[in-house]
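Shown below: start-v6.txt, with compact mmCIF, C-alpha atoms and all ligand atoms.
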# COMPACT_ATOMS: atom_id res chain seq x y z
CA MET A 8 158.48 112.12 106.25
CA THR A 9 155.63 109.65 106.57
CA ILE A 10 154.94 109.82 102.84
CA THR A 11 157.36 108.52 100.25
CA LYS A 12 159.65 110.86 98.36
CA GLY A 13 158.08 112.19 95.19
CA VAL A 14 154.56 111.91 96.58
CA ASP A 15 154.97 115.41 98.09
CA LEU A 16 155.51 116.93 94.64
CA GLU A 17 152.55 115.01 93.29
CA ILE A 18 150.38 116.52 96.04
CA VAL A 19 151.76 119.98 95.22
CA GLU A 20 150.66 119.61 91.58
CA TYR A 21 147.30 118.20 92.68
CA LEU A 22 146.55 121.23 94.87
CA TYR A 23 148.10 123.78 92.53
CA SER A 24 146.10 122.62 89.52
CA ALA A 25 142.90 122.56 91.61
CA GLU A 26 143.50 126.21 92.46
CA LYS A 27 144.39 127.21 88.90
CA GLU A 28 141.39 125.39 87.43
CA ARG A 29 139.02 126.45 90.26
CA ARG A 30 138.14 122.86 91.01
CA GLU A 31 137.21 121.20 94.29
CA VAL A 32 139.24 118.08 94.97
CA VAL A 33 139.07 115.16 97.36
CA LYS A 34 141.19 115.85 100.44
CA VAL A 35 144.76 114.57 100.48
CA THR A 36 144.36 112.51 103.66
CA ASP A 37 141.67 110.37 101.96
CA ARG A 38 144.56 108.97 99.91
CA TYR A 39 147.42 109.49 102.40
CA PRO A 40 145.89 109.18 105.88
CA GLU A 41 149.37 109.05 107.41
CA LEU A 42 150.20 112.63 106.27
CA SER A 43 151.81 114.33 109.30
CA PHE A 44 151.78 118.04 110.16
CA SER A 45 155.46 118.34 109.30
CA ASP A 46 154.84 116.65 105.92
CA ALA A 47 151.98 119.08 105.40
CA TYR A 48 154.14 122.16 106.15
CA SER A 49 156.82 120.81 103.83
CA ILE A 50 154.21 120.40 101.05
CA GLN A 51 153.00 123.94 101.76
CA GLU A 52 156.60 125.27 101.32
CA LYS A 53 156.90 123.42 98.01
CA LEU A 54 153.51 124.70 96.87
CA ILE A 55 154.74 128.27 97.45
CA GLU A 56 157.99 127.50 95.59
CA ARG A 57 155.83 126.21 92.73
CA ARG A 58 153.88 129.49 92.70
CA GLU A 59 157.16 131.44 92.80
CA ARG A 60 158.37 129.57 89.71
CA ASP A 61 155.25 130.95 87.98
CA GLY A 62 156.13 134.51 89.07
CA SER A 63 154.40 134.94 92.44
CA ARG A 64 156.35 136.69 95.19
CA LYS A 65 156.09 135.88 98.88
CA ILE A 66 155.01 138.99 100.78
CA GLY A 67 154.02 137.74 104.20
CA LEU A 68 152.11 135.34 106.36
CA LYS A 69 148.59 134.46 107.42
CA LEU A 70 147.38 132.79 110.56
CA GLY A 71 144.46 130.41 110.75
CA LEU A 72 142.42 128.65 113.43
CA THR A 73 143.37 131.31 115.94
CA SER A 74 140.02 131.44 117.72
CA LYS A 75 139.15 128.98 120.47
CA ALA A 76 135.75 128.48 118.82
CA LYS A 77 137.32 127.44 115.51
CA GLN A 78 139.91 125.24 117.22
CA GLN A 79 137.12 123.47 119.11
CA MET A 80 135.13 123.08 115.92
CA MET A 81 138.14 121.38 114.30
CA GLY A 82 139.04 119.44 117.48
CA VAL A 83 142.56 120.94 117.56
CA HIS A 84 144.56 122.98 120.06
CA ASP A 85 146.89 124.84 117.79
CA ALA A 86 146.77 127.58 115.21
CA ILE A 87 148.23 127.15 111.70
CA TYR A 88 150.14 129.45 109.33
CA GLY A 89 150.43 129.86 105.58
CA TYR A 90 152.04 132.32 103.17
CA LEU A 91 150.71 135.35 101.34
CA THR A 92 151.92 136.10 97.83
CA ASP A 93 151.69 139.37 95.87
CA ASP A 94 149.03 138.04 93.48
CA MET A 95 146.67 137.45 96.45
CA LEU A 96 146.36 141.17 97.12
CA ALA A 97 142.99 142.48 95.90
CA LEU A 98 142.02 146.16 95.81
CA GLU A 99 138.98 147.74 97.41
CA TRP A 100 138.23 149.85 94.36
CA GLU A 101 138.13 146.90 91.95
CA HIS A 102 135.46 144.19 91.87
CA LEU A 103 136.41 140.68 92.88
CA ASP A 104 135.72 138.28 90.04
CA PHE A 105 133.68 135.31 91.29
CA THR A 106 134.92 133.11 88.43
CA GLU A 107 138.37 133.23 90.05
CA PHE A 108 137.07 131.29 93.06
CA ILE A 109 135.67 127.87 93.95
CA HIS A 110 133.50 128.57 97.03
CA PRO A 111 134.96 131.68 98.69
CA LYS A 112 134.33 132.99 102.20
CA ALA A 113 135.30 136.33 103.75
CA GLU A 114 136.96 136.74 107.16
CA PRO A 115 137.52 139.96 109.12
CA GLU A 116 141.15 140.30 110.17
CA ILE A 117 143.75 142.73 111.43
CA ALA A 118 146.81 143.13 109.22
CA PHE A 119 150.28 143.84 110.66
CA PHE A 120 152.97 145.67 108.68
CA ILE A 121 156.39 144.58 109.89
CA ASP A 122 159.25 147.07 109.99
CA LYS A 123 162.13 144.93 111.25
CA ASP A 124 163.20 141.29 110.94
CA LEU A 125 162.11 139.13 113.87
CA GLU A 126 163.15 135.57 114.57
CA GLY A 127 163.25 133.30 117.62
CA THR A 128 161.47 130.65 119.61
CA ASN A 129 160.67 132.78 122.63
CA VAL A 130 159.10 135.79 120.95
CA SER A 131 156.34 137.66 122.84
CA ALA A 132 153.38 139.76 121.72
CA GLU A 133 155.34 142.79 122.98
CA ASP A 134 158.28 141.86 120.69
CA VAL A 135 155.83 141.74 117.78
CA LEU A 136 154.38 145.16 118.64
CA GLU A 137 157.95 146.48 118.80
CA VAL A 138 158.54 145.59 115.11
CA THR A 139 155.05 146.52 113.85
CA LYS A 140 154.88 149.86 112.10
CA PHE A 141 151.17 149.80 111.31
CA VAL A 142 148.07 147.73 111.76
CA ALA A 143 145.15 148.01 109.34
CA PRO A 144 141.67 146.54 108.86
CA ALA A 145 141.69 143.61 106.44
CA ILE A 146 139.47 141.00 104.83
CA GLU A 147 140.86 137.61 103.99
CA ILE A 148 139.14 135.57 101.30
CA ILE A 149 139.63 131.89 102.01
CA ASP A 150 138.81 129.37 99.31
CA SER A 151 139.72 125.81 100.29
CA ARG A 152 140.56 123.62 97.35
CA TYR A 153 138.80 120.73 99.11
CA LEU A 154 135.32 119.41 98.46
CA ASN A 155 132.71 121.26 100.54
CA PHE A 156 135.45 123.11 102.50
CA LYS A 157 135.97 119.93 104.58
CA PHE A 158 139.46 118.84 105.66
CA THR A 159 141.71 117.69 108.49
CA LEU A 160 144.42 119.91 109.94
CA ALA A 161 147.16 118.28 107.82
CA ASP A 162 145.03 118.80 104.67
CA VAL A 163 144.47 122.50 105.28
CA ILE A 164 148.15 123.14 106.13
CA ALA A 165 149.19 121.50 102.84
CA ASP A 166 146.62 123.68 101.02
CA ASN A 167 148.37 126.84 102.33
CA CYS A 168 145.59 127.25 104.90
CA SER A 169 142.89 127.93 102.27
CA SER A 170 144.56 131.24 101.29
CA SER A 171 143.15 132.91 98.21
CA LYS A 172 142.98 136.73 98.31
CA PHE A 173 143.08 139.57 100.81
CA LEU A 174 142.18 143.26 100.97
CA ILE A 175 143.60 145.97 103.21
CA GLY A 176 141.61 149.04 104.27
CA SER A 177 142.98 152.56 104.03
CA LYS A 178 143.33 153.44 107.73
CA TRP A 179 146.76 152.41 108.95
CA MET A 180 147.61 153.10 112.58
CA SER A 181 150.48 152.48 114.96
CA PRO A 182 149.50 149.52 117.19
CA ARG A 183 150.40 151.76 120.15
CA ASP A 184 147.67 154.24 119.29
CA LEU A 185 144.68 151.96 119.82
CA ASP A 186 143.44 149.20 122.09
CA LEU A 187 144.38 146.43 119.69
CA GLY A 188 143.42 143.64 122.07
CA GLN A 189 139.78 144.70 122.33
CA LEU A 190 138.62 146.14 119.04
CA GLY A 191 134.95 145.59 118.27
CA MET A 192 134.11 144.41 114.75
CA VAL A 193 130.93 144.26 112.68
CA MET A 194 130.79 142.49 109.32
CA SER A 195 127.84 143.14 107.01
CA LYS A 196 126.79 141.59 103.73
CA ASN A 197 124.57 143.70 101.49
CA GLY A 198 123.79 145.96 104.42
CA GLN A 199 122.78 143.18 106.84
CA VAL A 200 124.96 142.37 109.83
CA VAL A 201 126.32 138.82 109.40
CA GLN A 202 129.08 138.61 112.07
CA THR A 203 130.19 140.53 115.10
CA GLY A 204 133.29 139.99 117.19
CA SER A 205 136.27 141.37 119.01
CA SER A 206 139.98 141.24 118.22
CA ALA A 207 140.26 139.45 121.59
CA ALA A 208 138.95 136.35 119.76
CA VAL A 209 142.34 136.09 118.03
CA LEU A 210 144.25 134.12 120.70
CA GLY A 211 143.36 136.83 123.23
CA HIS A 212 145.27 139.52 121.28
CA PRO A 213 146.23 139.60 117.57
CA ALA A 214 149.91 140.28 118.46
CA THR A 215 149.94 137.01 120.46
CA SER A 216 148.80 135.26 117.32
CA VAL A 217 151.65 136.78 115.26
CA ALA A 218 154.12 135.87 118.04
CA TRP A 219 152.85 132.28 117.88
CA ALA A 220 153.67 132.18 114.14
CA VAL A 221 157.13 133.67 114.66
CA ASN A 222 157.92 131.05 117.32
CA LYS A 223 156.61 128.27 115.09
CA LEU A 224 158.78 129.51 112.20
CA GLY A 225 161.68 129.83 114.66
CA GLU A 226 161.54 126.07 115.21
CA VAL A 227 162.58 125.59 111.58
CA GLY A 228 165.13 128.44 111.57
CA LYS A 229 162.86 130.99 109.91
CA GLY A 230 161.24 134.24 110.95
CA ILE A 231 159.37 137.29 109.70
CA LYS A 232 161.01 140.06 107.72
CA LYS A 233 160.92 143.84 107.33
CA GLY A 234 158.23 144.60 104.75
CA ASP A 235 156.10 141.55 105.53
CA VAL A 236 152.34 141.88 105.84
CA ILE A 237 150.75 139.46 108.29
CA LEU A 238 147.08 138.58 108.61
CA SER A 239 146.70 137.70 112.27
CA GLY A 240 143.62 135.43 112.08
CA ALA A 241 139.85 135.72 111.80
CA VAL A 242 138.00 137.84 114.35
CA SER A 243 134.76 135.90 113.72
CA GLU A 244 133.47 133.04 111.63
CA ALA A 245 133.85 133.29 107.87
CA THR A 246 130.93 134.34 105.65
CA ALA A 247 130.30 132.86 102.21
CA PHE A 248 129.50 135.27 99.37
CA GLU A 249 128.21 135.12 95.80
CA PRO A 250 128.34 137.32 92.71
CA ASN A 251 126.89 140.82 93.32
CA ASP A 252 127.43 140.60 97.08
CA ASN A 253 129.03 143.48 98.94
CA VAL A 254 130.90 142.72 102.15
CA LEU A 255 131.88 145.43 104.62
CA VAL A 256 134.02 144.99 107.73
CA GLN A 257 134.05 147.82 110.27
CA PHE A 258 136.43 147.92 113.22
CA ALA A 259 136.09 150.29 116.14
CA GLU A 260 138.91 152.89 115.89
CA LEU A 261 140.56 151.17 112.93
CA GLY A 262 138.06 152.00 110.19
CA SER A 263 136.65 149.76 107.51
CA VAL A 264 137.40 147.67 104.46
CA SER A 265 134.98 146.31 101.89
CA PHE A 266 134.60 144.64 98.52
CA THR A 267 131.96 143.90 95.92
CA CYS A 268 132.05 140.70 93.93
CA LYS A 269 130.89 140.55 90.35
C1 LIG A 301 141.27 127.44 107.35
C2 LIG A 301 141.83 128.82 107.39
C3 LIG A 301 141.03 129.66 108.35
C4 LIG A 301 141.36 131.60 109.94
O1 LIG A 301 141.67 132.78 110.08
O2 LIG A 301 140.89 130.90 110.85
C5 LIG A 301 141.60 130.99 108.59
C6 LIG A 301 139.84 127.38 106.86
O3 LIG A 301 138.92 127.46 107.68
O4 LIG A 301 139.64 127.21 105.66
O5 LIG A 301 142.20 131.60 107.75
Please express the file's structure as structure tokens.
Amino acid sequence: MTITKGVDLEIVEYLYSAEKERREVVKVTDRYPELSFSDAYSIQEKLIERRERDGSRKIGLKLGLTSKAKQQMMGVHDAIYGYLTDDMLALEWEHLDFTEFIHPKAEPEIAFFIDKDLEGTNVSAEDVLEVTKFVAPAIEIIDSRYLNFKFTLADVIADNCSSSKFLIGSKWMSPRDLDLGQLGMVMSKNGQVVQTGSSAAVLGHPATSVAWAVNKLGEVGKGIKKGDVILSGAVSEATAFEPNDNVLVQFAELGSVSFTCK
């Protein structure tokens, strides 16, 4: 640890209360510039434990910074991972409530439903496909707790990678039944196209992205579990939305997912 003992729990409370009170806060590294990536992952773990003490349940993982464009933008060469909890799941047929957010953005993603435990440090995309029962179209809502959505890599890891909510579309398919590495995607807001992309943007193939996370977790003796849902990373840039906006993500072959915010 590069930060002193006890400071980690202080940071957990700082980020957790910002999320609960829908407040932007100054980034952690402004105060603790020495915060390392391993400190940040350890804070992230404790933040999830804090949520669990309040009744949240861990249900899977999310990947971030999986596109070369986003990595370049941030000046980094690695992806990041965070956790999904049951209270982050939003439903297509209910409105999202804008008052629950700070400054949310929507990202088009492909969700993986895992059917068998998988752990290791040499896991391949093929191993991931082997344990994936279904893939589905998804939208992740990211909502950084930091001022103006600006942060360093250590900051965003500590903040559980900006995780806020996610939605899953209704078409679930076996990953073997479609060309998962090259799915076209169009995202529209209020009927206007705002982003286009391909699943190839996610580290070349979304299963490669999930394999990266499994290997990263393997380094600390963890893995993914049967029943987990995994968001494999954004297929394009994120799009900000406001009350009354409707966002629709359409994937070739894999159908669509949408939400309206009130
Ligand atoms: C970090 C999380 C981004 C993705 O898929 O790249 C992310 C952020 O930009 O707030 O979830």
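Residues within 9 Å of A:Glu133, counting only C-alpha atoms and excluding same-chain residues fewer than 2 positions away, are Val130, Ser131, Val135, Leu136, Glu137, Val138, Ala214, Thr215 and Ala218 of chain A.
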Within 9 Å of stretch 247-251 of chain A, counting all atoms listed in the file, which residues show up once you throw out same-chain ones fewer than 5 positions away? Write them as a ChimeraX atom specification, please.
/A:103-106,110-113,196-197,267-269
Keeping C-alpha atoms for every residue in the selection just given, could you write it to a file as a PDB file, in the frame of the given file?
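This is the output file part-v9.pdb:
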ATOM      1  CA  LEU A 103     136.410 140.680  92.880  1.00  0.00           C
ATOM      2  CA  ASP A 104     135.720 138.280  90.040  1.00  0.00           C
ATOM      3  CA  PHE A 105     133.680 135.310  91.290  1.00  0.00           C
ATOM      4  CA  THR A 106     134.920 133.110  88.430  1.00  0.00           C
ATOM      5  CA  HIS A 110     133.500 128.570  97.030  1.00  0.00           C
ATOM      6  CA  PRO A 111     134.960 131.680  98.690  1.00  0.00           C
ATOM      7  CA  LYS A 112     134.330 132.990 102.200  1.00  0.00           C
ATOM      8  CA  ALA A 113     135.300 136.330 103.750  1.00  0.00           C
ATOM      9  CA  LYS A 196     126.790 141.590 103.730  1.00  0.00           C
ATOM     10  CA  ASN A 197     124.570 143.700 101.490  1.00  0.00           C
ATOM     11  CA  THR A 267     131.960 143.900  95.920  1.00  0.00           C
ATOM     12  CA  CYS A 268     132.050 140.700  93.930  1.00  0.00           C
ATOM     13  CA  LYS A 269     130.890 140.550  90.350  1.00  0.00           C
TER      14      LYS A 269
END
All residues having an atom within 9 Å of ligand LIG 301 (chain A) (all atoms listed in the file) as a PyMOL selection string
chain A and resi 69-74+77-78+86-89+112+114-116+147-151+156-158+160+163-164+167-170+209+238-245
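Among the candidate residues A:Phe44, A:Tyr23, A:Tyr153, A:Phe258, the one lying nearest to A:Leu187 is A:Phe258, with distances computed using all atoms listed in the file.
Using all atoms listed in the file, the nearest neighbour of A:Val256 within the list A:Glu52, A:Glu41, A:Asp162, A:Glu99 is A:Glu99.
Proximity ranking of A:Met95, A:Ala132, A:Val193, A:Met80 relative to A:Thr159 places A:Met80 first, based on only C-alpha atoms.
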Rebuild stretch 90-103 of chain A to N, CA and C atoms - output it as an mmCIF file, keeping the file's coordinate frame, please.
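Done, and the output landed in part-v1.cif:
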data_model
loop_
_atom_site.group_PDB
_atom_site.id
_atom_site.type_symbol
_atom_site.label_atom_id
_atom_site.label_comp_id
_atom_site.auth_asym_id
_atom_site.auth_seq_id
_atom_site.Cartn_x
_atom_site.Cartn_y
_atom_site.Cartn_z
ATOM 1 N N TYR A 90 151.363 131.153 103.755
ATOM 2 C CA TYR A 90 152.040 132.320 103.170
ATOM 3 C C TYR A 90 151.108 133.146 102.303
ATOM 4 N N LEU A 91 151.405 134.446 102.258
ATOM 5 C CA LEU A 91 150.710 135.350 101.340
ATOM 6 C C LEU A 91 151.654 135.652 100.184
ATOM 7 N N THR A 92 151.106 135.702 98.978
ATOM 8 C CA THR A 92 151.920 136.100 97.830
ATOM 9 C C THR A 92 151.303 137.352 97.191
ATOM 10 N N ASP A 93 152.130 138.065 96.397
ATOM 11 C CA ASP A 93 151.690 139.370 95.870
ATOM 12 C C ASP A 93 150.407 139.274 95.043
ATOM 13 N N ASP A 94 150.222 138.166 94.336
ATOM 14 C CA ASP A 94 149.030 138.040 93.480
ATOM 15 C C ASP A 94 147.755 137.789 94.294
ATOM 16 N N MET A 95 147.873 137.627 95.613
ATOM 17 C CA MET A 95 146.670 137.450 96.450
ATOM 18 C C MET A 95 146.068 138.796 96.856
ATOM 19 N N LEU A 96 146.854 139.857 96.695
ATOM 20 C CA LEU A 96 146.360 141.170 97.120
ATOM 21 C C LEU A 96 145.278 141.668 96.167
ATOM 22 N N ALA A 97 144.091 141.934 96.700
ATOM 23 C CA ALA A 97 142.990 142.480 95.900
ATOM 24 C C ALA A 97 142.761 143.918 96.370
ATOM 25 N N LEU A 98 142.156 144.732 95.508
ATOM 26 C CA LEU A 98 142.020 146.160 95.810
ATOM 27 C C LEU A 98 140.557 146.521 96.043
ATOM 28 N N GLU A 99 140.357 147.365 97.024
ATOM 29 C CA GLU A 99 138.980 147.740 97.410
ATOM 30 C C GLU A 99 138.205 148.369 96.270
ATOM 31 N N TRP A 100 138.916 149.083 95.409
ATOM 32 C CA TRP A 100 138.230 149.850 94.360
ATOM 33 C C TRP A 100 138.059 149.061 93.061
ATOM 34 N N GLU A 101 138.406 147.759 93.107
ATOM 35 C CA GLU A 101 138.130 146.900 91.950
ATOM 36 C C GLU A 101 137.170 145.805 92.405
ATOM 37 N N HIS A 102 136.341 145.303 91.495
ATOM 38 C CA HIS A 102 135.460 144.190 91.870
ATOM 39 C C HIS A 102 136.250 142.901 91.964
ATOM 40 N N LEU A 103 135.858 142.041 92.896
ATOM 41 C CA LEU A 103 136.410 140.680 92.880
ATOM 42 C C LEU A 103 135.643 139.925 91.799
#
